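Okay, query_19.pdb is below, PDB, C-alpha atoms and all ligand atoms:
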ATOM      1  CA  MET A   1     -19.615  13.372 -31.389
ATOM      2  CA  LYS A   2     -21.348  16.674 -32.099
ATOM      3  CA  LYS A   3     -19.874  19.494 -34.156
ATOM      4  CA  LEU A   4     -19.343  22.347 -31.718
ATOM      5  CA  TYR A   5     -17.698  24.874 -33.998
ATOM      6  CA  GLU A   6     -16.272  25.068 -37.500
ATOM      7  CA  GLY A   7     -13.518  27.583 -38.176
ATOM      8  CA  LYS A   8     -11.499  28.339 -41.291
ATOM      9  CA  ALA A   9      -8.905  25.616 -40.732
ATOM     10  CA  LYS A  10     -10.380  23.343 -38.054
ATOM     11  CA  ILE A  11     -13.586  21.717 -36.830
ATOM     12  CA  ILE A  12     -14.129  21.175 -33.103
ATOM     13  CA  TYR A  13     -16.265  18.252 -31.905
ATOM     14  CA  THR A  14     -17.565  17.377 -28.465
ATOM     15  CA  THR A  15     -16.630  13.979 -27.015
ATOM     16  CA  ASP A  16     -18.353  11.856 -24.378
ATOM     17  CA  HIS A  17     -16.185  13.610 -21.794
ATOM     18  CA  PRO A  18     -17.367  17.201 -21.119
ATOM     19  CA  GLU A  19     -13.845  18.505 -20.508
ATOM     20  CA  ILE A  20     -12.349  16.974 -23.668
ATOM     21  CA  LEU A  21     -12.866  18.139 -27.267
ATOM     22  CA  LEU A  22     -11.643  16.770 -30.586
ATOM     23  CA  THR A  23     -10.114  19.026 -33.247
ATOM     24  CA  GLN A  24     -10.183  17.959 -36.897
ATOM     25  CA  PHE A  25      -7.583  19.868 -38.920
ATOM     26  CA  LYS A  26      -8.782  20.752 -42.447
ATOM     27  CA  ASP A  27      -6.937  21.146 -45.753
ATOM     28  CA  ASP A  28      -8.813  24.423 -46.378
ATOM     29  CA  VAL A  29      -6.735  27.562 -46.314
ATOM     30  CA  THR A  30      -7.757  31.212 -46.235
ATOM     31  CA  ALA A  31      -5.826  34.460 -46.238
ATOM     32  CA  PHE A  32      -6.523  38.183 -45.947
ATOM     33  CA  ASN A  33      -9.548  37.553 -43.727
ATOM     34  CA  SER A  34     -10.984  34.915 -46.088
ATOM     35  CA  LEU A  35     -10.731  37.081 -49.235
ATOM     36  CA  LYS A  36      -8.482  34.374 -50.649
ATOM     37  CA  ARG A  37      -9.448  30.717 -50.267
ATOM     38  CA  GLY A  38      -7.930  27.437 -51.347
ATOM     39  CA  ILE A  39      -7.011  23.913 -50.426
ATOM     40  CA  ILE A  40      -3.549  22.633 -49.597
ATOM     41  CA  PRO A  41      -3.750  18.844 -49.973
ATOM     42  CA  GLY A  42      -2.455  17.130 -46.835
ATOM     43  CA  LYS A  43      -2.293  20.371 -44.810
ATOM     44  CA  GLY A  44      -4.698  19.118 -42.128
ATOM     45  CA  GLU A  45      -2.483  16.158 -41.330
ATOM     46  CA  ILE A  46       0.735  18.143 -41.570
ATOM     47  CA  ASN A  47      -0.412  20.997 -39.316
ATOM     48  CA  CYS A  48      -1.885  18.601 -36.773
ATOM     49  CA  GLN A  49       1.342  16.585 -36.654
ATOM     50  CA  ILE A  50       3.553  19.680 -36.333
ATOM     51  CA  SER A  51       1.288  21.312 -33.724
ATOM     52  CA  SER A  52       0.955  18.134 -31.673
ATOM     53  CA  ALA A  53       4.711  17.575 -31.673
ATOM     54  CA  LEU A  54       5.424  21.195 -30.679
ATOM     55  CA  PHE A  55       2.726  21.306 -27.974
ATOM     56  CA  LYS A  56       4.071  18.088 -26.477
ATOM     57  CA  TRP A  57       7.615  19.445 -26.573
ATOM     58  CA  LEU A  58       6.546  22.768 -25.013
ATOM     59  CA  GLU A  59       4.734  20.830 -22.246
ATOM     60  CA  SER A  60       8.074  19.193 -21.465
ATOM     61  CA  LYS A  61       9.428  22.750 -21.010
ATOM     62  CA  ASP A  62       6.632  23.544 -18.521
ATOM     63  CA  ILE A  63       4.427  25.500 -20.906
ATOM     64  CA  ALA A  64       0.810  24.520 -20.173
ATOM     65  CA  THR A  65      -1.132  23.697 -23.348
ATOM     66  CA  HIS A  66      -4.569  22.327 -24.233
ATOM     67  CA  PHE A  67      -2.964  19.320 -26.010
ATOM     68  CA  ILE A  68      -3.919  15.837 -24.800
ATOM     69  CA  ASP A  69      -3.029  13.465 -27.638
ATOM     70  CA  GLN A  70      -3.332  12.783 -31.348
ATOM     71  CA  PRO A  71      -5.744   9.901 -32.030
ATOM     72  CA  ALA A  72      -5.290  10.216 -35.826
ATOM     73  CA  HIS A  73      -2.897  12.127 -38.101
ATOM     74  CA  SER A  74      -5.340  15.020 -38.601
ATOM     75  CA  GLN A  75      -7.026  14.884 -35.185
ATOM     76  CA  MET A  76      -5.991  16.311 -31.840
ATOM     77  CA  ARG A  77      -7.726  15.706 -28.511
ATOM     78  CA  ILE A  78      -7.648  18.857 -26.434
ATOM     79  CA  ARG A  79      -8.792  20.129 -23.063
ATOM     80  CA  ALA A  80     -11.946  22.222 -23.389
ATOM     81  CA  VAL A  81     -10.996  25.837 -22.703
ATOM     82  CA  LYS A  82     -12.700  29.207 -22.978
ATOM     83  CA  ILE A  83     -10.728  30.897 -25.754
ATOM     84  CA  VAL A  84      -9.397  34.347 -24.836
ATOM     85  CA  PRO A  85     -10.416  36.509 -27.851
ATOM     86  CA  ILE A  86      -6.903  37.865 -28.333
ATOM     87  CA  GLU A  87      -4.348  36.866 -30.972
ATOM     88  CA  VAL A  88      -0.880  37.210 -29.473
ATOM     89  CA  VAL A  89       1.735  37.831 -32.177
ATOM     90  CA  VAL A  90       5.473  37.673 -31.470
ATOM     91  CA  ARG A  91       7.902  39.058 -34.046
ATOM     92  CA  ASN A  92      11.670  38.636 -34.277
ATOM     93  CA  ILE A  93      12.137  39.931 -37.819
ATOM     94  CA  ALA A  94      10.083  42.558 -39.662
ATOM     95  CA  ALA A  95       7.580  41.075 -42.134
ATOM     96  CA  GLY A  96       3.910  41.177 -43.077
ATOM     97  CA  SER A  97       1.651  43.740 -41.454
ATOM     98  CA  LEU A  98       4.505  45.205 -39.388
ATOM     99  CA  CYS A  99       6.220  46.297 -42.624
ATOM    100  CA  ARG A 100       2.973  47.479 -44.203
ATOM    101  CA  GLN A 101       2.014  49.546 -41.164
ATOM    102  CA  THR A 102       5.399  50.990 -40.127
ATOM    103  CA  GLY A 103       7.526  51.088 -43.263
ATOM    104  CA  LEU A 104      10.167  48.820 -41.729
ATOM    105  CA  ILE A 105      12.010  46.870 -44.408
ATOM    106  CA  GLU A 106      11.175  43.150 -44.610
ATOM    107  CA  GLY A 107      13.959  41.101 -43.085
ATOM    108  CA  LYS A 108      15.128  43.713 -40.567
ATOM    109  CA  ILE A 109      16.132  41.927 -37.367
ATOM    110  CA  LEU A 110      14.229  43.591 -34.532
ATOM    111  CA  PRO A 111      16.303  44.823 -31.567
ATOM    112  CA  PHE A 112      13.946  42.967 -29.211
ATOM    113  CA  PRO A 113      11.080  40.506 -29.744
ATOM    114  CA  LEU A 114       7.914  42.483 -30.324
ATOM    115  CA  VAL A 115       4.753  41.184 -28.612
ATOM    116  CA  GLU A 116       1.485  42.448 -30.077
ATOM    117  CA  PHE A 117      -2.155  41.835 -29.220
ATOM    118  CA  TYR A 118      -4.881  41.715 -31.855
ATOM    119  CA  LEU A 119      -8.620  41.433 -31.286
ATOM    120  CA  LYS A 120      -9.806  38.017 -32.486
ATOM    121  CA  ASN A 121     -12.743  39.263 -34.519
ATOM    122  CA  ASP A 122     -12.961  38.547 -38.257
ATOM    123  CA  GLU A 123     -15.799  41.046 -38.832
ATOM    124  CA  LEU A 124     -13.598  43.848 -37.507
ATOM    125  CA  GLY A 125     -10.539  42.481 -39.355
ATOM    126  CA  ASP A 126      -8.606  41.475 -36.204
ATOM    127  CA  PRO A 127      -7.488  45.030 -35.304
ATOM    128  CA  LEU A 128      -4.263  45.741 -33.389
ATOM    129  CA  LEU A 129      -5.011  46.531 -29.724
ATOM    130  CA  THR A 130      -3.342  48.967 -27.379
ATOM    131  CA  SER A 131      -2.867  47.948 -23.746
ATOM    132  CA  ASP A 132      -5.589  50.391 -22.694
ATOM    133  CA  ARG A 133      -8.017  48.975 -25.285
ATOM    134  CA  LEU A 134      -7.333  45.505 -23.882
ATOM    135  CA  LEU A 135      -8.408  46.700 -20.446
ATOM    136  CA  LEU A 136     -11.269  48.824 -21.832
ATOM    137  CA  LEU A 137     -12.804  45.850 -23.637
ATOM    138  CA  GLU A 138     -12.194  43.695 -20.543
ATOM    139  CA  LEU A 139     -10.557  41.061 -22.752
ATOM    140  CA  ALA A 140      -8.114  40.184 -19.992
ATOM    141  CA  SER A 141      -7.092  41.501 -16.585
ATOM    142  CA  GLN A 142      -3.829  43.433 -16.194
ATOM    143  CA  LYS A 143      -2.357  40.339 -14.544
ATOM    144  CA  GLN A 144      -3.453  38.112 -17.439
ATOM    145  CA  VAL A 145      -2.010  40.565 -19.987
ATOM    146  CA  GLU A 146       1.354  40.416 -18.189
ATOM    147  CA  GLN A 147       1.093  36.620 -18.042
ATOM    148  CA  LEU A 148       0.294  36.401 -21.774
ATOM    149  CA  GLN A 149       3.277  38.606 -22.570
ATOM    150  CA  SER A 150       5.706  36.620 -20.461
ATOM    151  CA  ILE A 151       4.472  33.183 -21.662
ATOM    152  CA  ALA A 152       4.618  34.383 -25.294
ATOM    153  CA  LEU A 153       8.212  35.566 -24.848
ATOM    154  CA  LYS A 154       9.195  32.280 -23.217
ATOM    155  CA  ILE A 155       7.586  30.307 -26.066
ATOM    156  CA  ASN A 156       9.423  32.551 -28.537
ATOM    157  CA  GLN A 157      12.735  31.718 -26.891
ATOM    158  CA  TYR A 158      12.064  27.978 -26.990
ATOM    159  CA  LEU A 159      10.677  27.936 -30.528
ATOM    160  CA  THR A 160      13.337  30.225 -31.991
ATOM    161  CA  GLU A 161      16.042  27.939 -30.670
ATOM    162  CA  PHE A 162      14.175  24.811 -31.745
ATOM    163  CA  PHE A 163      13.506  26.000 -35.304
ATOM    164  CA  ALA A 164      17.113  27.186 -35.602
ATOM    165  CA  SER A 165      18.184  23.625 -34.811
ATOM    166  CA  CYS A 166      16.044  22.626 -37.843
ATOM    167  CA  GLN A 167      17.846  25.253 -39.983
ATOM    168  CA  ILE A 168      14.693  27.392 -39.966
ATOM    169  CA  THR A 169      14.401  31.043 -38.872
ATOM    170  CA  LEU A 170      11.291  31.817 -36.819
ATOM    171  CA  VAL A 171      10.360  35.244 -38.195
ATOM    172  CA  ASP A 172       7.056  35.705 -36.358
ATOM    173  CA  PHE A 173       4.061  33.721 -35.154
ATOM    174  CA  LYS A 174       0.595  33.967 -33.678
ATOM    175  CA  LEU A 175      -0.583  32.284 -30.473
ATOM    176  CA  GLU A 176      -3.994  31.825 -28.918
ATOM    177  CA  PHE A 177      -4.743  31.014 -25.309
ATOM    178  CA  GLY A 178      -7.693  29.580 -23.406
ATOM    179  CA  LEU A 179      -8.803  29.409 -19.790
ATOM    180  CA  ASP A 180      -9.474  26.022 -18.208
ATOM    181  CA  PRO A 181     -12.231  25.588 -15.580
ATOM    182  CA  GLN A 182      -9.692  26.590 -12.886
ATOM    183  CA  GLU A 183      -8.948  29.803 -14.871
ATOM    184  CA  ASN A 184      -5.421  28.637 -15.767
ATOM    185  CA  LEU A 185      -4.113  30.078 -19.052
ATOM    186  CA  LEU A 186      -3.355  27.266 -21.508
ATOM    187  CA  LEU A 187      -1.679  27.652 -24.887
ATOM    188  CA  ALA A 188      -4.350  26.674 -27.435
ATOM    189  CA  ASP A 189      -5.158  26.580 -31.174
ATOM    190  CA  GLU A 190      -2.137  25.478 -33.242
ATOM    191  CA  ILE A 191       1.502  26.209 -34.068
ATOM    192  CA  SER A 192       2.070  25.451 -37.726
ATOM    193  CA  PRO A 193       3.150  26.957 -41.056
ATOM    194  CA  ASP A 194      -0.369  28.520 -41.108
ATOM    195  CA  THR A 195       0.393  30.550 -37.983
ATOM    196  CA  CYS A 196       4.151  31.148 -38.193
ATOM    197  CA  ARG A 197       6.512  32.773 -40.682
ATOM    198  CA  LEU A 198       9.360  30.331 -41.225
ATOM    199  CA  TRP A 199      12.379  30.983 -43.436
ATOM    200  CA  ASP A 200      14.682  28.227 -44.622
ATOM    201  CA  GLN A 201      18.277  28.945 -43.584
ATOM    202  CA  GLN A 202      19.489  26.515 -46.241
ATOM    203  CA  THR A 203      18.613  28.844 -49.112
ATOM    204  CA  LYS A 204      19.494  32.481 -49.788
ATOM    205  CA  SER A 205      16.717  32.968 -52.361
ATOM    206  CA  LEU A 206      14.087  35.306 -50.866
ATOM    207  CA  ARG A 207      11.383  33.401 -52.731
ATOM    208  CA  ASP A 208      12.534  29.863 -52.031
ATOM    209  CA  ARG A 209      13.269  30.423 -48.346
ATOM    210  CA  VAL A 210       9.564  30.881 -47.488
ATOM    211  CA  LEU A 211       8.266  27.701 -45.794
ATOM    212  CA  ASP A 212       4.884  28.953 -44.560
ATOM    213  CA  LYS A 213       1.459  30.288 -45.546
ATOM    214  CA  ASP A 214       3.055  33.296 -47.267
ATOM    215  CA  ARG A 215       3.608  30.875 -50.193
ATOM    216  CA  PHE A 216      -0.180  30.694 -50.498
ATOM    217  CA  ARG A 217      -0.824  34.360 -49.619
ATOM    218  CA  HIS A 218       1.547  35.621 -52.317
ATOM    219  CA  ASP A 219       1.182  32.833 -54.925
ATOM    220  CA  LEU A 220       4.761  31.617 -54.545
ATOM    221  CA  GLY A 221       3.831  28.029 -55.552
ATOM    222  CA  LYS A 222       5.011  24.727 -54.032
ATOM    223  CA  VAL A 223       2.923  25.351 -50.908
ATOM    224  CA  GLU A 224       2.417  21.686 -50.033
ATOM    225  CA  ALA A 225       6.122  20.909 -50.435
ATOM    226  CA  ALA A 226       7.040  23.731 -48.047
ATOM    227  CA  TYR A 227       4.644  22.472 -45.365
ATOM    228  CA  GLN A 228       6.012  18.937 -45.846
ATOM    229  CA  GLN A 229       9.543  20.241 -45.466
ATOM    230  CA  VAL A 230       8.687  21.860 -42.122
ATOM    231  CA  ARG A 231       6.979  18.660 -40.929
ATOM    232  CA  GLN A 232       9.925  16.522 -41.911
ATOM    233  CA  ARG A 233      12.498  18.702 -40.138
ATOM    234  CA  VAL A 234      10.396  19.213 -36.984
ATOM    235  CA  LEU A 235       9.429  15.549 -36.535
ATOM    236  CA  GLU A 236      12.929  14.341 -37.333
ATOM    237  CA  LYS A 237      14.467  16.746 -34.809
ATOM    238  CA  LEU A 238      12.033  15.557 -32.133
ATOM    239  CA  GLY A 239      12.796  11.924 -32.971
ATOM    240  CA  ILE A 240       9.209  11.227 -34.082
ATOM    241  CA  ARG A 241      10.152   9.773 -37.460
TER     242      ARG A 241
HETATM  243  P1  LIG B 301       0.892  39.615 -39.887
HETATM  244  O1  LIG B 301       2.252  40.084 -40.253
HETATM  245  O2  LIG B 301      -0.014  39.400 -41.066
HETATM  246  O3  LIG B 301       0.257  40.488 -38.836
HETATM  247  O4  LIG B 301       1.059  38.169 -39.231
HETATM  248  C1  LIG B 301       1.896  37.958 -38.123
HETATM  249  C2  LIG B 301       1.956  36.475 -37.807
HETATM  250  O5  LIG B 301       0.711  35.980 -37.384
HETATM  251  C3  LIG B 301       2.335  35.607 -39.003
HETATM  252  O6  LIG B 301       3.222  34.592 -38.562
HETATM  253  C4  LIG B 301       1.060  34.983 -39.461
HETATM  254  C5  LIG B 301       0.237  34.927 -38.221
HETATM  255  N1  LIG B 301      -1.173  35.170 -38.462
HETATM  256  C6  LIG B 301      -2.111  34.194 -38.131
HETATM  257  O7  LIG B 301      -1.765  33.125 -37.660
HETATM  258  N2  LIG B 301      -3.421  34.468 -38.368
HETATM  259  C7  LIG B 301      -3.850  35.633 -38.879
HETATM  260  O8  LIG B 301      -5.072  35.818 -39.056
HETATM  261  C8  LIG B 301      -2.887  36.634 -39.216
HETATM  262  C9  LIG B 301      -3.294  37.951 -39.797
HETATM  263  C10 LIG B 301      -1.554  36.347 -38.975
HETATM  264  N1  LIG B 302      -5.994  33.637 -41.086
HETATM  265  C1  LIG B 302      -6.501  34.796 -41.764
HETATM  266  C2  LIG B 302      -7.554  34.418 -42.771
HETATM  267  O1  LIG B 302      -8.171  33.431 -42.660
HETATM  268  C3  LIG B 302      -5.451  35.702 -42.300
HETATM  269  C4  LIG B 302      -4.105  35.174 -42.739
HETATM  270  O2  LIG B 302      -3.587  34.210 -42.177
HETATM  271  O3  LIG B 302      -3.523  35.773 -43.666
HETATM  272  O4  LIG B 302      -7.866  35.052 -43.714
END

Could you write out this file's structure as structure tokens?
Ligand code: TMP
Ligand code: ASP
Amino acid sequence: MKKLYEGKAKIIYTTDHPEILLTQFKDDVTAFNSLKRGIIPGKGEINCQISSALFKWLESKDIATHFIDQPAHSQMRIRAVKIVPIEVVVRNIAAGSLCRQTGLIEGKILPFPLVEFYLKNDELGDPLLTSDRLLLLELASQKQVEQLQSIALKINQYLTEFFASCQITLVDFKLEFGLDPQENLLLADEISPDTCRLWDQQTKSLRDRVLDKDRFRHDLGKVEAAYQQVRQRVLEKLGIR
């Protein structure tokens, strides 16, 4: 195995099969474009388990993903894809940068799910893209942009319903996609408390309801416990434990 790439939360290794890669999920956590760094003990395992379970479940709903299997708790075997340098964010409820940039009040239920595209480029601070900028930068064809939008909305529908069945509100989340050798778009990266905003429906406290990386971003404490809570509810609901 050779290290192919090390990101903020994962390391990607080659395998003896050219079309298969191995992802090692790390306990490291960063926020605000790496200005804030830390470690959440057990996060690698938790995020890998949650992501693997959700990818597998989405596959059963006909969403194509890069997931193959999970050889160890913190490792995922994936199909090698060319990552599309776009972060696709779907929002159901106003929070985070949407509130900062528009003045919307946190917690406002949006009249329709908002799909946004950001440039995946840490040096530039992952700027928000317009549809014309997407085409200008040749990040995706018009057809691929429409495909990304419709897959993201479908995933939002599935995940919103799924998390609700776990007594969790899916506020917003970020997706990444990759192209396989046949140029098919596959859902890639991860779906975890690092990449979603998840609010516990079992508590009314604005502070306690946060079950995601916002606990780390805003020093809310009990980060590990929140991630464990999400893992427990997701795996239990899917009959994994
Ligand atoms: P935002 O409100 O900060 O733009 O984040 C929207 C969603 O995207 C939220 O669920 C967190 C997720 N996200 C990532 O996964 N990676 C990132 O780098 C950022 C900025 C957000
Ligand atoms: N993932 C980004 C970072 O590494 C930003 C965030 O999630 O807040 O800094």

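Taking only C-alpha atoms, the non-local environment of A:Val88 within 7 Å (same-chain residues fewer than 2 positions away omitted) comprises A:Ile86, A:Val90, A:Val115, A:Glu116, A:Phe117, A:Tyr118, A:Lys174, A:Leu175, A:Glu176.
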
Any chance you can output those residues with C-alpha atoms as a compact mmCIF listing (two decimals), in the frame of the given file?
# COMPACT_ATOMS: atom_id res chain seq x y z
CA ILE A 86 -6.90 37.86 -28.33
CA VAL A 90 5.47 37.67 -31.47
CA VAL A 115 4.75 41.18 -28.61
CA GLU A 116 1.48 42.45 -30.08
CA PHE A 117 -2.15 41.84 -29.22
CA TYR A 118 -4.88 41.72 -31.86
CA LYS A 174 0.60 33.97 -33.68
CA LEU A 175 -0.58 32.28 -30.47
CA GLU A 176 -3.99 31.82 -28.92

Report as a PyMOL selection string the full result of the PyMOL selection byres (((not hetatm)) within 9 of (chain B and resi 302)) when it is applied to this structure. chain A and resi 8-9+29-37+122+125-126+194-195+213-214+217

Could you pull out the residues sitting within 6 Å of ligand LIG 301 (chain B), using all atoms listed in the file, and write them as a ChimeraX atom specification? /A:89,95-98,172-174,194-197

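The two atoms in question, atom CA of A:Gln182 and atom CA of A:Leu136, are spaced 24.0 Å apart.
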
Could you work out how far atom CA of A:Leu153 lies from atom CA of A:Phe112, giving the answer in Å with one decimal? 10.3 Å

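The smallest atom-to-atom distance between A:Ser51 and any of A:Leu128, A:Ile191, A:Leu139, A:Asp208, using only C-alpha atoms, is found for A:Ile191.
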
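For the atom pair formed by atom CA of A:Arg215 and atom CA of A:Gln101, the distance is 20.8 Å, given to one decimal.
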
Considering all atoms listed in the file, return as a PyMOL selection string whatever protein or nucleic-acid residues lie within 12 Å of A:Ile151, sequence-local ones (same chain, fewer than 2 positions apart) excluded. chain A and resi 58+61-65+88-90+115+144-149+153-158+175-177+185-187

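Closest approach to A:Asp27 among A:Glu59, A:Asp212, A:Glu224, A:Asp132 is made by A:Glu224 (distances from only C-alpha atoms).
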
Would you mind listing what lies within 6 Å of A:Ile20 as a PDB file with C-alpha atoms, keeping the file's coordinate frame, with only C-alpha atoms counted and same-chain residues fewer than 2 positions away left out?
ATOM      1  CA  HIS A  17     -16.185  13.610 -21.794  1.00  0.00           C
ATOM      2  CA  PRO A  18     -17.367  17.201 -21.119  1.00  0.00           C
ATOM      3  CA  ILE A  78      -7.648  18.857 -26.434  1.00  0.00           C
ATOM      4  CA  ARG A  79      -8.792  20.129 -23.063  1.00  0.00           C
ATOM      5  CA  ALA A  80     -11.946  22.222 -23.389  1.00  0.00           C
TER       6      ALA A  80
END
